[in-house]
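Structure file entry-v1.txt with compact mmCIF, C-alpha atoms and all ligand atoms:
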```txt
# COMPACT_ATOMS: atom_id res chain seq x y z
CA MET A 1 50.44 -20.33 -58.23
CA LYS A 2 51.96 -19.99 -54.73
CA TYR A 3 50.20 -18.66 -51.65
CA SER A 4 51.27 -18.15 -48.03
CA PRO A 5 48.03 -17.36 -46.18
CA ASP A 6 47.82 -16.98 -42.40
CA VAL A 7 45.18 -19.74 -42.30
CA VAL A 8 43.96 -22.51 -44.59
CA ILE A 9 40.51 -23.92 -43.84
CA PHE A 10 39.41 -27.32 -45.15
CA GLY A 11 35.63 -27.60 -45.65
CA GLY A 12 33.00 -25.01 -46.55
CA GLY A 13 30.07 -25.98 -44.35
CA ILE A 14 28.74 -23.60 -41.72
CA ALA A 15 31.84 -24.06 -39.51
CA GLY A 16 34.42 -23.32 -42.21
CA LEU A 17 32.53 -20.45 -43.83
CA TRP A 18 31.79 -18.69 -40.53
CA ALA A 19 35.46 -19.05 -39.52
CA LEU A 20 36.61 -17.74 -42.93
CA ASP A 21 34.50 -14.62 -42.53
CA THR A 22 35.73 -14.10 -38.96
CA PHE A 23 39.41 -14.41 -39.88
CA ILE A 24 39.13 -12.08 -42.86
CA SER A 25 37.18 -9.45 -40.94
CA GLN A 26 39.95 -9.44 -38.32
CA GLY A 27 42.65 -8.85 -40.93
CA TYR A 28 44.02 -12.39 -41.28
CA SER A 29 44.60 -13.76 -44.76
CA ALA A 30 42.73 -17.04 -45.30
CA LEU A 31 41.89 -19.54 -48.03
CA LEU A 32 39.20 -22.22 -47.90
CA LEU A 33 39.63 -25.57 -49.66
CA GLU A 34 36.42 -27.42 -50.56
CA ASN A 35 36.48 -30.83 -52.24
CA SER A 36 32.81 -30.98 -53.22
CA THR A 37 30.11 -28.29 -52.87
CA LEU A 38 29.57 -25.94 -49.94
CA GLY A 39 27.66 -27.51 -47.07
CA ASN A 40 27.56 -30.94 -48.66
CA GLY A 41 27.19 -33.41 -45.78
CA GLN A 42 25.48 -31.80 -42.83
CA THR A 43 24.75 -28.07 -43.22
CA ILE A 44 22.59 -28.40 -46.34
CA CYS A 45 20.66 -31.24 -44.64
CA ALA A 46 20.10 -29.31 -41.39
CA GLN A 47 16.59 -28.28 -40.46
CA GLY A 48 17.87 -24.74 -39.99
CA ILE A 49 16.71 -24.27 -36.40
CA VAL A 50 18.88 -21.86 -34.42
CA HIS A 51 18.55 -23.77 -31.17
CA GLY A 52 18.33 -21.85 -27.93
CA GLY A 53 18.31 -24.93 -25.76
CA PHE A 54 14.65 -25.95 -25.94
CA LYS A 55 15.44 -29.47 -27.11
CA TYR A 56 17.87 -29.89 -24.22
CA VAL A 57 15.49 -29.01 -21.40
CA VAL A 58 12.80 -31.50 -22.39
CA PRO A 59 12.77 -34.28 -19.77
CA GLY A 60 14.79 -37.30 -20.78
CA LYS A 61 17.06 -35.05 -22.84
CA TYR A 62 18.24 -32.65 -20.16
CA ARG A 63 21.93 -31.78 -20.44
CA GLN A 64 23.13 -28.75 -18.51
CA GLY A 65 26.23 -28.29 -20.68
CA SER A 66 24.38 -28.17 -23.97
CA ALA A 67 21.67 -25.91 -22.63
CA SER A 68 24.16 -23.35 -21.36
CA GLU A 69 26.20 -23.35 -24.61
CA VAL A 70 23.29 -22.72 -26.93
CA ARG A 71 21.04 -20.47 -24.89
CA ASN A 72 22.55 -17.25 -26.30
CA MET A 73 22.56 -18.42 -29.91
CA PRO A 74 19.13 -17.13 -31.03
CA ASP A 75 20.03 -13.57 -29.90
CA ARG A 76 23.47 -13.81 -31.48
CA TRP A 77 22.07 -15.03 -34.82
CA ARG A 78 19.23 -12.49 -34.79
CA ALA A 79 21.83 -9.71 -34.52
CA HIS A 80 23.59 -11.04 -37.65
CA LEU A 81 20.33 -11.77 -39.49
CA SER A 82 19.04 -8.23 -38.92
CA GLY A 83 22.36 -6.75 -40.12
CA GLN A 84 22.89 -5.04 -36.74
CA ARG A 85 25.97 -7.13 -36.23
CA LYS A 86 28.38 -7.60 -39.16
CA ASP A 87 31.09 -10.20 -39.59
CA PRO A 88 29.20 -11.96 -40.95
CA ASP A 89 26.37 -9.79 -42.26
CA LEU A 90 23.51 -12.25 -42.71
CA SER A 91 20.82 -9.67 -43.50
CA SER A 92 20.17 -11.22 -46.94
CA VAL A 93 19.70 -14.76 -45.58
CA LEU A 94 16.21 -16.18 -45.95
CA VAL A 95 14.58 -16.64 -42.53
CA ARG A 96 11.87 -19.27 -42.91
CA SER A 97 10.29 -18.47 -39.55
CA PRO A 98 11.21 -16.05 -36.73
CA THR A 99 10.11 -18.57 -34.13
CA CYS A 100 9.75 -22.30 -33.64
CA SER A 101 6.67 -23.92 -32.11
CA PHE A 102 6.25 -26.77 -29.76
CA TRP A 103 3.00 -28.46 -29.19
CA LEU A 104 1.64 -30.96 -26.68
CA SER A 105 -0.11 -33.83 -28.40
CA GLN A 106 -3.86 -34.41 -28.08
CA GLY A 107 -5.95 -36.84 -26.13
CA ARG A 108 -3.78 -38.42 -23.45
CA GLY A 109 -6.03 -37.66 -20.45
CA LEU A 110 -4.44 -37.67 -16.99
CA ARG A 111 -1.17 -38.96 -18.43
CA GLY A 112 -1.16 -35.99 -20.80
CA LEU A 113 -1.53 -33.55 -17.89
CA LEU A 114 1.38 -35.14 -16.06
CA GLU A 115 3.48 -35.01 -19.21
CA GLU A 116 2.64 -31.36 -19.64
CA THR A 117 3.83 -30.52 -16.13
CA PHE A 118 7.10 -32.37 -16.66
CA SER A 119 7.64 -30.95 -20.14
CA LEU A 120 7.33 -27.38 -18.93
CA ALA A 121 9.48 -27.80 -15.81
CA GLY A 122 12.85 -27.21 -17.54
CA LEU A 123 11.71 -24.31 -19.68
CA SER A 124 12.57 -21.72 -17.06
CA LEU A 125 16.22 -22.41 -17.97
CA LEU A 126 15.75 -20.76 -21.35
CA THR A 127 16.76 -17.13 -21.92
CA SER A 128 13.34 -16.28 -23.40
CA PRO A 129 10.45 -18.30 -21.97
CA PRO A 130 8.04 -19.82 -24.51
CA VAL A 131 4.76 -17.99 -25.13
CA ASP A 132 1.41 -19.79 -25.11
CA VAL A 133 -0.07 -19.15 -28.59
CA THR A 134 -2.80 -21.82 -28.51
CA ASP A 135 -5.68 -19.34 -28.97
CA THR A 136 -4.15 -17.46 -31.91
CA SER A 137 -2.91 -20.54 -33.80
CA PRO A 138 -4.55 -21.67 -37.07
CA ALA A 139 -7.50 -24.09 -36.90
CA TRP A 140 -5.53 -27.12 -38.22
CA PHE A 141 -2.97 -26.64 -35.45
CA LYS A 142 -5.57 -26.20 -32.68
CA ALA A 143 -7.29 -29.37 -33.89
CA SER A 144 -3.96 -31.22 -33.46
CA ALA A 145 -2.67 -29.99 -30.12
CA ARG A 146 -3.63 -29.59 -26.49
CA LYS A 147 -1.32 -26.59 -26.11
CA ILE A 148 0.87 -24.69 -28.56
CA TYR A 149 3.84 -22.52 -27.59
CA ALA A 150 6.15 -20.26 -29.60
CA VAL A 151 9.86 -20.52 -28.76
CA SER A 152 12.21 -17.71 -29.68
CA GLU A 153 14.33 -19.82 -32.08
CA PRO A 154 14.59 -18.57 -35.70
CA VAL A 155 14.56 -21.07 -38.55
CA ILE A 156 16.72 -20.28 -41.57
CA ASP A 157 17.10 -21.60 -45.09
CA THR A 158 20.45 -23.40 -45.09
CA SER A 159 21.09 -22.99 -48.84
CA SER A 160 20.61 -19.23 -48.57
CA LEU A 161 22.83 -19.18 -45.46
CA LEU A 162 25.68 -20.98 -47.23
CA PHE A 163 25.37 -18.76 -50.30
CA HIS A 164 25.39 -15.43 -48.43
CA LEU A 165 28.21 -16.49 -46.11
CA ALA A 166 30.38 -17.59 -49.05
CA ARG A 167 29.62 -14.85 -51.58
CA PRO A 168 31.79 -12.03 -50.13
CA HIS A 169 34.74 -14.43 -49.98
CA ALA A 170 34.22 -16.35 -53.23
CA SER A 171 37.69 -15.48 -54.50
CA ARG A 172 39.23 -17.15 -51.43
CA ILE A 173 37.50 -20.51 -51.99
CA ILE A 174 39.28 -23.19 -54.01
CA TYR A 175 37.25 -26.22 -55.14
CA TYR A 176 39.77 -29.01 -55.41
CA ASN A 177 40.22 -32.63 -56.46
CA THR A 178 43.46 -33.65 -54.74
CA VAL A 179 45.71 -32.39 -52.01
CA SER A 180 49.11 -33.65 -50.85
CA CYS A 181 51.06 -32.44 -47.90
CA LEU A 182 54.78 -32.10 -47.32
CA ALA A 183 55.87 -31.57 -43.70
CA SER A 184 58.76 -29.23 -43.10
CA GLY A 185 61.14 -29.64 -40.14
CA SER A 186 59.73 -26.60 -38.34
CA GLY A 187 56.22 -28.07 -37.90
CA SER A 188 54.75 -26.29 -40.91
CA TYR A 189 53.47 -27.80 -44.15
CA GLU A 190 53.50 -27.20 -47.87
CA LEU A 191 50.24 -28.23 -49.52
CA THR A 192 49.97 -29.04 -53.20
CA VAL A 193 46.40 -28.65 -54.38
CA THR A 194 44.93 -29.55 -57.76
CA ALA A 195 41.82 -27.46 -58.28
CA LYS A 196 38.73 -28.70 -60.09
CA SER A 197 39.50 -25.98 -62.65
CA GLY A 198 42.74 -27.87 -63.45
CA GLU A 199 45.07 -25.30 -61.89
CA SER A 200 47.68 -26.27 -59.35
CA TYR A 201 48.42 -24.33 -56.15
CA THR A 202 51.25 -24.53 -53.62
CA ILE A 203 50.05 -23.28 -50.25
CA SER A 204 52.17 -22.70 -47.14
CA PRO A 205 49.88 -21.67 -44.27
CA GLN A 206 50.75 -20.58 -40.72
CA ARG A 207 47.71 -22.44 -39.36
CA VAL A 208 45.33 -25.12 -40.69
CA VAL A 209 41.68 -25.50 -39.66
CA LEU A 210 39.95 -28.79 -40.41
CA SER A 211 36.20 -28.15 -40.50
CA SER A 212 35.26 -30.69 -43.12
CA GLY A 213 32.78 -32.67 -41.01
CA ILE A 214 33.08 -36.31 -41.90
CA GLY A 215 36.29 -35.54 -43.85
CA ASN A 216 38.21 -34.44 -40.74
CA GLN A 217 39.54 -37.85 -39.72
CA ASP A 218 41.18 -38.60 -43.10
CA LEU A 219 42.50 -35.08 -43.48
CA LEU A 220 44.19 -35.23 -40.09
CA LYS A 221 46.09 -38.29 -41.33
CA ILE A 222 47.68 -36.39 -44.21
CA PHE A 223 49.16 -34.03 -41.60
CA GLY A 224 50.73 -37.03 -39.89
CA TYR A 225 48.34 -37.61 -36.95
CA ASP A 226 46.51 -40.91 -36.37
CA GLU A 227 44.47 -40.01 -33.25
CA GLU A 228 40.77 -40.82 -33.34
CA VAL A 229 39.00 -37.46 -33.35
CA MET A 230 35.49 -38.23 -34.55
CA GLN A 231 32.28 -40.13 -33.89
CA ILE A 232 29.63 -40.53 -36.55
CA ARG A 233 25.94 -40.66 -35.63
CA PRO A 234 23.64 -41.55 -38.53
CA LEU A 235 20.13 -40.21 -39.05
CA ARG A 236 17.38 -41.20 -41.45
CA GLN A 237 15.07 -38.19 -41.85
CA LEU A 238 11.46 -38.56 -42.96
CA LEU A 239 10.23 -36.39 -45.84
CA VAL A 240 6.69 -35.44 -46.81
CA ARG A 241 5.96 -33.68 -50.08
CA GLY A 242 2.77 -31.82 -51.03
CA ASN A 243 1.41 -28.32 -51.42
CA SER A 244 -1.52 -29.09 -49.09
CA LEU A 245 0.89 -29.17 -46.14
CA PRO A 246 0.63 -26.17 -43.81
CA ASP A 247 3.73 -24.19 -42.85
CA LEU A 248 5.12 -25.71 -39.67
CA TRP A 249 8.40 -25.31 -37.82
CA GLY A 250 8.21 -27.07 -34.49
CA HIS A 251 8.69 -29.95 -32.11
CA CYS A 252 5.96 -32.23 -30.80
CA ILE A 253 5.99 -33.24 -27.14
CA ASP A 254 4.35 -36.62 -26.71
CA GLY A 255 4.84 -38.90 -23.74
CA GLY A 256 6.97 -36.14 -22.14
CA LYS A 257 9.52 -36.33 -24.96
CA ALA A 258 10.24 -34.33 -28.13
CA VAL A 259 9.31 -37.13 -30.55
CA ALA A 260 9.41 -35.30 -33.87
CA SER A 261 10.77 -32.00 -35.18
CA VAL A 262 9.07 -30.73 -38.33
CA THR A 263 10.44 -28.00 -40.63
CA THR A 264 8.94 -26.69 -43.87
CA HIS A 265 11.12 -26.21 -46.95
CA TYR A 266 10.57 -25.72 -50.69
CA ASP A 267 11.73 -27.77 -53.63
CA SER A 268 12.07 -24.96 -56.15
CA ARG A 269 12.62 -27.36 -59.07
CA ALA A 270 9.38 -29.24 -58.40
CA GLY A 271 7.58 -26.13 -57.06
CA GLU A 272 6.48 -28.12 -54.02
CA LYS A 273 6.49 -27.83 -50.25
CA ILE A 274 8.55 -30.35 -48.31
CA TRP A 275 8.47 -31.27 -44.66
CA SER A 276 11.72 -32.59 -43.20
CA ILE A 277 11.03 -34.54 -40.02
CA GLY A 278 13.77 -35.26 -37.51
CA GLY A 279 14.19 -35.78 -33.79
CA GLU A 280 13.61 -39.17 -32.18
CA ILE A 281 11.92 -40.48 -35.29
CA ALA A 282 15.11 -39.95 -37.37
CA GLU A 283 17.42 -41.26 -34.63
CA LYS A 284 15.49 -44.54 -34.69
CA GLY A 285 14.95 -44.27 -38.45
CA HIS A 286 18.49 -45.20 -39.38
CA THR A 287 17.92 -48.67 -37.91
CA GLN A 288 14.79 -49.14 -40.04
CA GLU A 289 14.24 -49.84 -43.70
CA PRO A 290 12.94 -46.71 -45.46
CA GLU A 291 9.52 -48.38 -46.07
CA GLU A 292 9.17 -49.23 -42.38
CA LEU A 293 10.15 -45.70 -41.32
CA ILE A 294 7.63 -44.23 -43.75
CA ARG A 295 4.85 -46.55 -42.50
CA GLU A 296 5.54 -45.88 -38.80
CA GLY A 297 6.35 -42.23 -39.32
CA ARG A 298 3.19 -41.56 -41.27
CA ALA A 299 1.05 -43.25 -38.59
CA LEU A 300 2.78 -41.16 -35.90
CA LEU A 301 2.38 -37.88 -37.79
CA GLU A 302 -1.28 -38.61 -38.51
CA ARG A 303 -1.79 -39.07 -34.75
CA LEU A 304 0.29 -36.03 -33.70
CA LEU A 305 -1.22 -33.71 -36.34
CA GLN A 306 -4.86 -34.75 -36.57
CA GLY A 307 -5.82 -31.39 -38.11
CA VAL A 308 -3.60 -31.92 -41.18
CA ASP A 309 -4.87 -33.61 -44.33
CA PHE A 310 -2.13 -35.97 -45.55
CA SER A 311 -4.25 -37.61 -48.28
CA GLN A 312 -2.47 -35.80 -51.18
CA THR A 313 1.09 -36.23 -49.89
CA LYS A 314 4.09 -38.31 -50.99
CA TRP A 315 6.54 -39.75 -48.47
CA GLY A 316 10.27 -40.46 -48.61
CA THR A 317 13.47 -40.48 -46.55
CA PHE A 318 17.06 -39.29 -46.74
CA ASP A 319 20.17 -40.32 -44.85
CA ALA A 320 22.70 -38.03 -43.18
CA LEU A 321 25.74 -38.52 -40.96
CA ARG A 322 26.56 -36.25 -38.03
CA ALA A 323 30.32 -35.89 -37.43
CA GLU A 324 31.28 -34.83 -33.92
CA GLU A 325 34.02 -35.28 -31.36
CA PRO A 326 33.82 -38.73 -29.68
CA ASN A 327 31.35 -38.70 -26.77
CA GLY A 328 30.17 -42.28 -26.25
CA ASN A 329 27.86 -41.92 -29.26
CA LEU A 330 25.88 -39.16 -27.53
CA LEU A 331 25.52 -35.53 -28.57
CA PRO A 332 28.61 -33.68 -27.21
CA SER A 333 27.83 -30.82 -24.86
CA GLY A 334 29.34 -28.03 -26.97
CA ILE A 335 31.74 -27.14 -29.76
CA SER A 336 34.96 -29.10 -30.21
CA MET A 337 38.39 -27.69 -31.16
CA LYS A 338 41.50 -29.86 -30.75
CA ARG A 339 45.01 -28.76 -31.66
CA PHE A 340 47.71 -30.91 -33.32
CA GLY A 341 50.79 -28.76 -33.96
CA ILE A 342 49.55 -25.99 -36.27
CA VAL A 343 46.39 -27.98 -37.18
CA TYR A 344 43.00 -27.49 -35.47
CA VAL A 345 40.33 -30.18 -35.79
CA CYS A 346 36.90 -28.61 -35.33
CA PHE A 347 33.28 -29.66 -34.95
CA PRO A 348 30.54 -27.09 -34.20
CA THR A 349 28.27 -29.95 -32.98
CA LYS A 350 25.27 -27.86 -34.06
CA MET A 351 24.87 -25.39 -36.92
CA ALA A 352 23.63 -22.91 -34.30
CA MET A 353 26.98 -23.01 -32.49
CA ALA A 354 29.21 -22.13 -35.48
CA PRO A 355 29.75 -18.55 -34.16
CA VAL A 356 31.09 -19.92 -30.86
CA LEU A 357 33.57 -22.10 -32.74
CA ALA A 358 34.73 -19.21 -34.95
CA ASP A 359 35.24 -17.02 -31.86
CA ALA A 360 37.26 -19.79 -30.17
CA LEU A 361 39.51 -20.17 -33.23
CA LEU A 362 40.04 -16.43 -33.44
CA SER A 363 41.04 -16.32 -29.75
CA GLU A 364 43.70 -18.95 -30.51
CA LEU A 365 45.21 -16.89 -33.33
CA ILE A 366 45.26 -13.78 -31.14
CA ARG A 367 46.70 -15.65 -28.17
CA ASP A 368 49.53 -17.03 -30.35
CA GLY A 369 50.25 -13.54 -31.69
CA LEU A 370 49.92 -14.86 -35.25
CA GLU A 371 51.32 -12.35 -37.72
CA LYS A 372 48.95 -10.95 -40.34
CA TYR A 373 50.33 -11.18 -43.87
CA SER A 374 48.50 -9.91 -46.93
CA LEU A 375 47.56 -12.27 -49.74
CA ASN A 376 47.34 -11.56 -53.43
CA ILE A 377 44.47 -13.75 -54.57
CA ASP A 378 44.49 -13.03 -58.28
CA GLY A 379 43.76 -16.10 -60.32
CA ILE A 380 41.29 -17.91 -58.05
CA ASN A 381 37.96 -18.66 -59.62
CA SER A 382 35.16 -16.74 -57.88
CA GLU A 383 32.13 -19.00 -58.05
CA VAL A 384 29.82 -19.95 -55.16
CA ARG A 385 28.86 -23.62 -55.47
CA VAL A 386 26.30 -24.56 -52.83
CA ALA A 387 25.25 -28.21 -52.31
CA SER A 388 21.74 -29.28 -53.39
CA PHE A 389 19.05 -29.99 -50.80
CA PRO A 390 18.78 -33.72 -50.08
CA TRP A 391 15.18 -33.85 -51.35
CA GLU A 392 15.91 -32.41 -54.78
CA ASN A 393 15.46 -34.99 -57.54
CA ARG A 394 14.03 -37.54 -55.07
CA PHE A 395 10.62 -39.28 -54.94
C1 LIG B 1 19.44 -34.01 -40.69
C2 LIG B 1 20.15 -33.00 -39.84
C3 LIG B 1 19.45 -31.94 -39.29
C4 LIG B 1 20.11 -30.99 -38.51
N1 LIG B 1 19.41 -29.93 -38.04
C5 LIG B 1 20.05 -28.96 -37.33
C6 LIG B 1 19.34 -27.81 -36.90
O1 LIG B 1 18.15 -27.63 -37.18
N2 LIG B 1 20.01 -26.89 -36.17
C7 LIG B 1 21.35 -27.03 -35.87
O2 LIG B 1 21.88 -26.15 -35.18
N3 LIG B 1 22.04 -28.11 -36.27
C8 LIG B 1 21.44 -29.06 -37.01
N4 LIG B 1 22.13 -30.16 -37.46
C9 LIG B 1 23.57 -30.26 -37.17
C10 LIG B 1 24.35 -29.38 -38.17
O3 LIG B 1 23.92 -29.64 -39.47
C11 LIG B 1 25.85 -29.64 -38.06
O4 LIG B 1 26.29 -29.55 -36.73
C12 LIG B 1 26.65 -28.62 -38.88
O5 LIG B 1 26.04 -28.37 -40.13
C13 LIG B 1 28.07 -29.11 -39.10
O6 LIG B 1 28.72 -28.18 -39.92
P1 LIG B 1 30.18 -28.42 -40.46
O7 LIG B 1 30.55 -27.19 -41.21
O8 LIG B 1 31.07 -28.86 -39.37
O9 LIG B 1 30.09 -29.69 -41.43
P2 LIG B 1 29.41 -29.90 -42.85
O10 LIG B 1 28.19 -29.10 -43.01
O11 LIG B 1 29.31 -31.37 -43.04
O12 LIG B 1 30.47 -29.30 -43.87
C14 LIG B 1 31.65 -29.97 -44.20
C15 LIG B 1 32.18 -29.38 -45.49
O13 LIG B 1 33.45 -29.96 -45.76
C16 LIG B 1 33.48 -30.46 -47.08
N5 LIG B 1 34.46 -31.56 -47.09
C17 LIG B 1 34.31 -32.87 -46.72
N6 LIG B 1 35.46 -33.52 -46.86
C18 LIG B 1 36.38 -32.62 -47.30
C19 LIG B 1 37.77 -32.69 -47.62
N7 LIG B 1 38.46 -33.83 -47.55
N8 LIG B 1 38.38 -31.56 -48.06
C20 LIG B 1 37.72 -30.38 -48.15
N9 LIG B 1 36.40 -30.26 -47.87
C21 LIG B 1 35.75 -31.36 -47.45
C22 LIG B 1 32.04 -30.86 -47.38
O14 LIG B 1 31.81 -30.91 -48.77
C23 LIG B 1 31.30 -29.70 -46.70
O15 LIG B 1 31.23 -28.58 -47.52
C24 LIG B 1 21.50 -31.12 -38.25
C25 LIG B 1 22.21 -32.19 -38.78
C26 LIG B 1 21.55 -33.11 -39.60
C27 LIG B 1 22.35 -34.24 -40.19
```
Please express the file's structure as structure tokens.
Amino acid sequence: MKYSPDVVIFGGGIAGLWALDTFISQGYSALLLENSTLGNGQTICAQGIVHGGFKYVVPGKYRQGSASEVRNMPDRWRAHLSGQRKDPDLSSVLVRSPTCSFWLSQGRGLRGLLEETFSLAGLSLLTSPPVDVTDTSPAWFKASARKIYAVSEPVIDTSSLLFHLARPHASRIIYYNTVSCLASGSGSYELTVTAKSGESYTISPQRVVLSSGIGNQDLLKIFGYDEEVMQIRPLRQLLVRGNSLPDLWGHCIDGGKAVASVTTHYDSRAGEKIWSIGGEIAEKGHTQEPEELIREGRALLERLLQGVDFSQTKWGTFDALRAEEPNGNLLPSGISMKRFGIVYVCFPTKMAMAPVLADALLSELIRDGLEKYSLNIDGINSEVRVASFPWENRF
């Protein structure tokens, strides 16, 4: 089978799928090549928080660039999630919580008051200021916190997000085992792809988008470029399992810093609630043995959430790698899109910023006056294969 799409995208995480939808809605023909399952790597592991900048205005974390990039993201995503804004229409995506909380830990006396003042100082930079919800919060939460705020950051289910983004375009997604690349003299390429279904495709695109997360560096090589385009920052997330856990989506401020971010998920196979715990605890966690992280993490959580009964819970960990543009091993300040001939290497940096990346790619196609050719996609399998959550079949 031979195809000549306007764009070929490598990688069906949030970045690739959002870009695919954007290109197609604007009349470009596009195919997406996925070598595993959709979102495998980062998106399925994400906590699903559509950041609006809260994490970046906490003292010790303040970064003007990041805060200004993400501050409009909650409004942008809400428009897609409500169906008001199409392309993509995310109205069927499961929203786990419309807001995120942050709470100030208990019992730190004068030091606690100072921390509170510092913690709240940067919040005026946010588009929607946090609302004090201490009085209306459930008893277990009040027993745990000195103050509780609601931040206007929705939390979504990443599996549902990947599924609903991919479904309308299932016939344009090829799950493949191998790809080889033949460069032509004019700077274009002919790709030979062996699909997992056994079929073989020859694809000659006008543009190539690499949005395969950790796969980007190796893929760039097959197009003939050796430049270093990626840093990898590992995380070891903490997991707690148990149906006695309350629903919680939020960050804890302790010692003036966001020390832990907790999100509630469900393991449908086991019929159990799961907390995924990230933030500082997971940044440090990758340098610890899992047993040590569990021991320290449990002690920290028992101190930060004194109103929660952890006696019937099971604890575990999972590892994930964040792939981003090189930035001295620190979180880059925004999306990254670098061009090599007709190839773009992309990192959204955060799930929340995928729409910004898709808009930037679209602007490039428009600026170049890329011609729009139609594509007959008969013969491509139309399945949606979403990656499994990292806690499924574990502990
Ligand atoms: C534990 C954790 C929690 C996070 N929480 C949040 C959060 O709450 N909010 C937020 O905004 N961000 C969060 N992030 C960051 C966010 O997950 C990432 O920025 C985002 O998901 C990156 O998306 P991506 O599409 O670039 O990459 P990925 O999601 O990694 O997708 C890459 C895709 O490419 C495929 N692939 C890999 N190699 C190849 C290849 N050679 N050929 C073809 N396909 C290939 C993979 O199978 C996958 O489908 C979190 C990250 C982690 C690790």
Within-6 Å residues of ligand LIG 1 (chain B), basis only C-alpha atoms and all ligand atoms, as a PyMOL selection string: chain A and resi 10-16+33-43+45-51+211-213+215+219+320-322+347-352
Rank A:Trp140, A:Arg269, A:Ala183, A:Ser200 by their smallest atom-to-atom distance to Leu245 of chain A, using only C-alpha atoms, and report the top residue only.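 Once distances to Leu245 of chain A are computed over only C-alpha atoms, the minimum belongs to A:Trp140.
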If we count only C-alpha atoms, what is near segment 129-137 of chain A at a cut-off of 6 Å, once residues fewer than 4 positions away on the same chain are taken out, given as a compact mmCIF listing (two decimals) with C-alpha atoms, in the coordinates of the input?
```txt
# COMPACT_ATOMS: atom_id res chain seq x y z
CA LYS A 147 -1.32 -26.59 -26.11
CA ILE A 148 0.87 -24.69 -28.56
CA TYR A 149 3.84 -22.52 -27.59
CA ALA A 150 6.15 -20.26 -29.60
CA VAL A 151 9.86 -20.52 -28.76
```
Go through segment 161-267 of chain A residue by residue and, counting only C-alpha atoms, keep those with an atom at most 7 Å from segment 271-291 of chain A; for each kept residue give the shortest atom pair and its distance in Å to one decimal, ordered by chain and increasing number, as a tab-separated table.
```
residue	atom	partner	partner_atom	distance
A:Pro234	CA	A:His286	CA	6.4
A:Leu235	CA	A:His286	CA	5.3
A:Arg236	CA	A:His286	CA	4.6
A:Gln237	CA	A:Ala282	CA	4.8
A:Leu238	CA	A:Ile277	CA	5.0
A:Leu239	CA	A:Ser276	CA	4.9
A:Val240	CA	A:Trp275	CA	5.0
A:Arg241	CA	A:Ile274	CA	4.6
A:Gly242	CA	A:Lys273	CA	5.5
A:Asn243	CA	A:Lys273	CA	5.2
A:Val259	CA	A:Glu280	CA	5.0
A:Ala260	CA	A:Gly279	CA	4.8
A:Ser261	CA	A:Gly278	CA	5.0
A:Val262	CA	A:Ile277	CA	4.6
A:Thr263	CA	A:Ser276	CA	5.4
A:Thr264	CA	A:Trp275	CA	4.7
A:His265	CA	A:Ile274	CA	5.1
A:Tyr266	CA	A:Lys273	CA	4.6
A:Asp267	CA	A:Glu272	CA	5.3
```
Atom CA of Leu331 of chain A to atom CA of Met230 of chain A, straight-line distance in Å: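 A separation of 11.9 Å between them.
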What does the distance from atom CA of Ser184 of chain A to atom CA of Gly341 of chain A come to in Å, to one decimal? 12.1 Å
Work out how far apart atom CA of Ser363 of chain A and atom CA of Tyr28 of chain A are and give it in Å to one decimal.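 Spanning atom CA of Ser363 of chain A to atom CA of Tyr28 of chain A is a straight-line distance of 12.5 Å.
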For the point (2.0, -39.4, -33.2) in file coordinates, what residues are within 9 Å, counting only C-alpha atoms? Give the answer as a PyMOL selection string? chain A and resi 105+252+254+259-260+297-306
Starting from the point (42.4, -16.1, -60.6), work out which residues of protein, DNA or RNA have an atom no more than 12 Å away when counting only C-alpha atoms; state them as number ranges by chain. A: 1-2, 170-174, 195, 197, 199-201, 376-383
Restricting the calculation to only C-alpha atoms, which member of A:Val93, A:Cys100, A:Cys181, A:Ala139 is positioned closest to Ile156 of chain A? A:Val93
Which residue out of A:Ser311, A:Ser29, A:Thr317, A:Ser160 has the minimum interatomic distance to Leu293 of chain A when all atoms listed in the file are used? A:Thr317
Minimum-distance residue to His169 of chain A, chosen among A:Phe141, A:Trp249, A:Tyr225, A:Trp18 (using all atoms listed in the file):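 Using all atoms listed in the file, His169 of chain A sits closest to A:Trp18.
Comparing the minimum interatomic distances between Ser244 of chain A and each of A:Arg76, A:Arg146, A:Lys314, A:Arg394, counting only C-alpha atoms, we find that A:Lys314 sits nearest.
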Taking into account all atoms listed in the file, which residue in the set A:Val308, A:Leu220, A:Leu191, A:Leu81 is nearest to Lys338 of chain A? A:Leu220
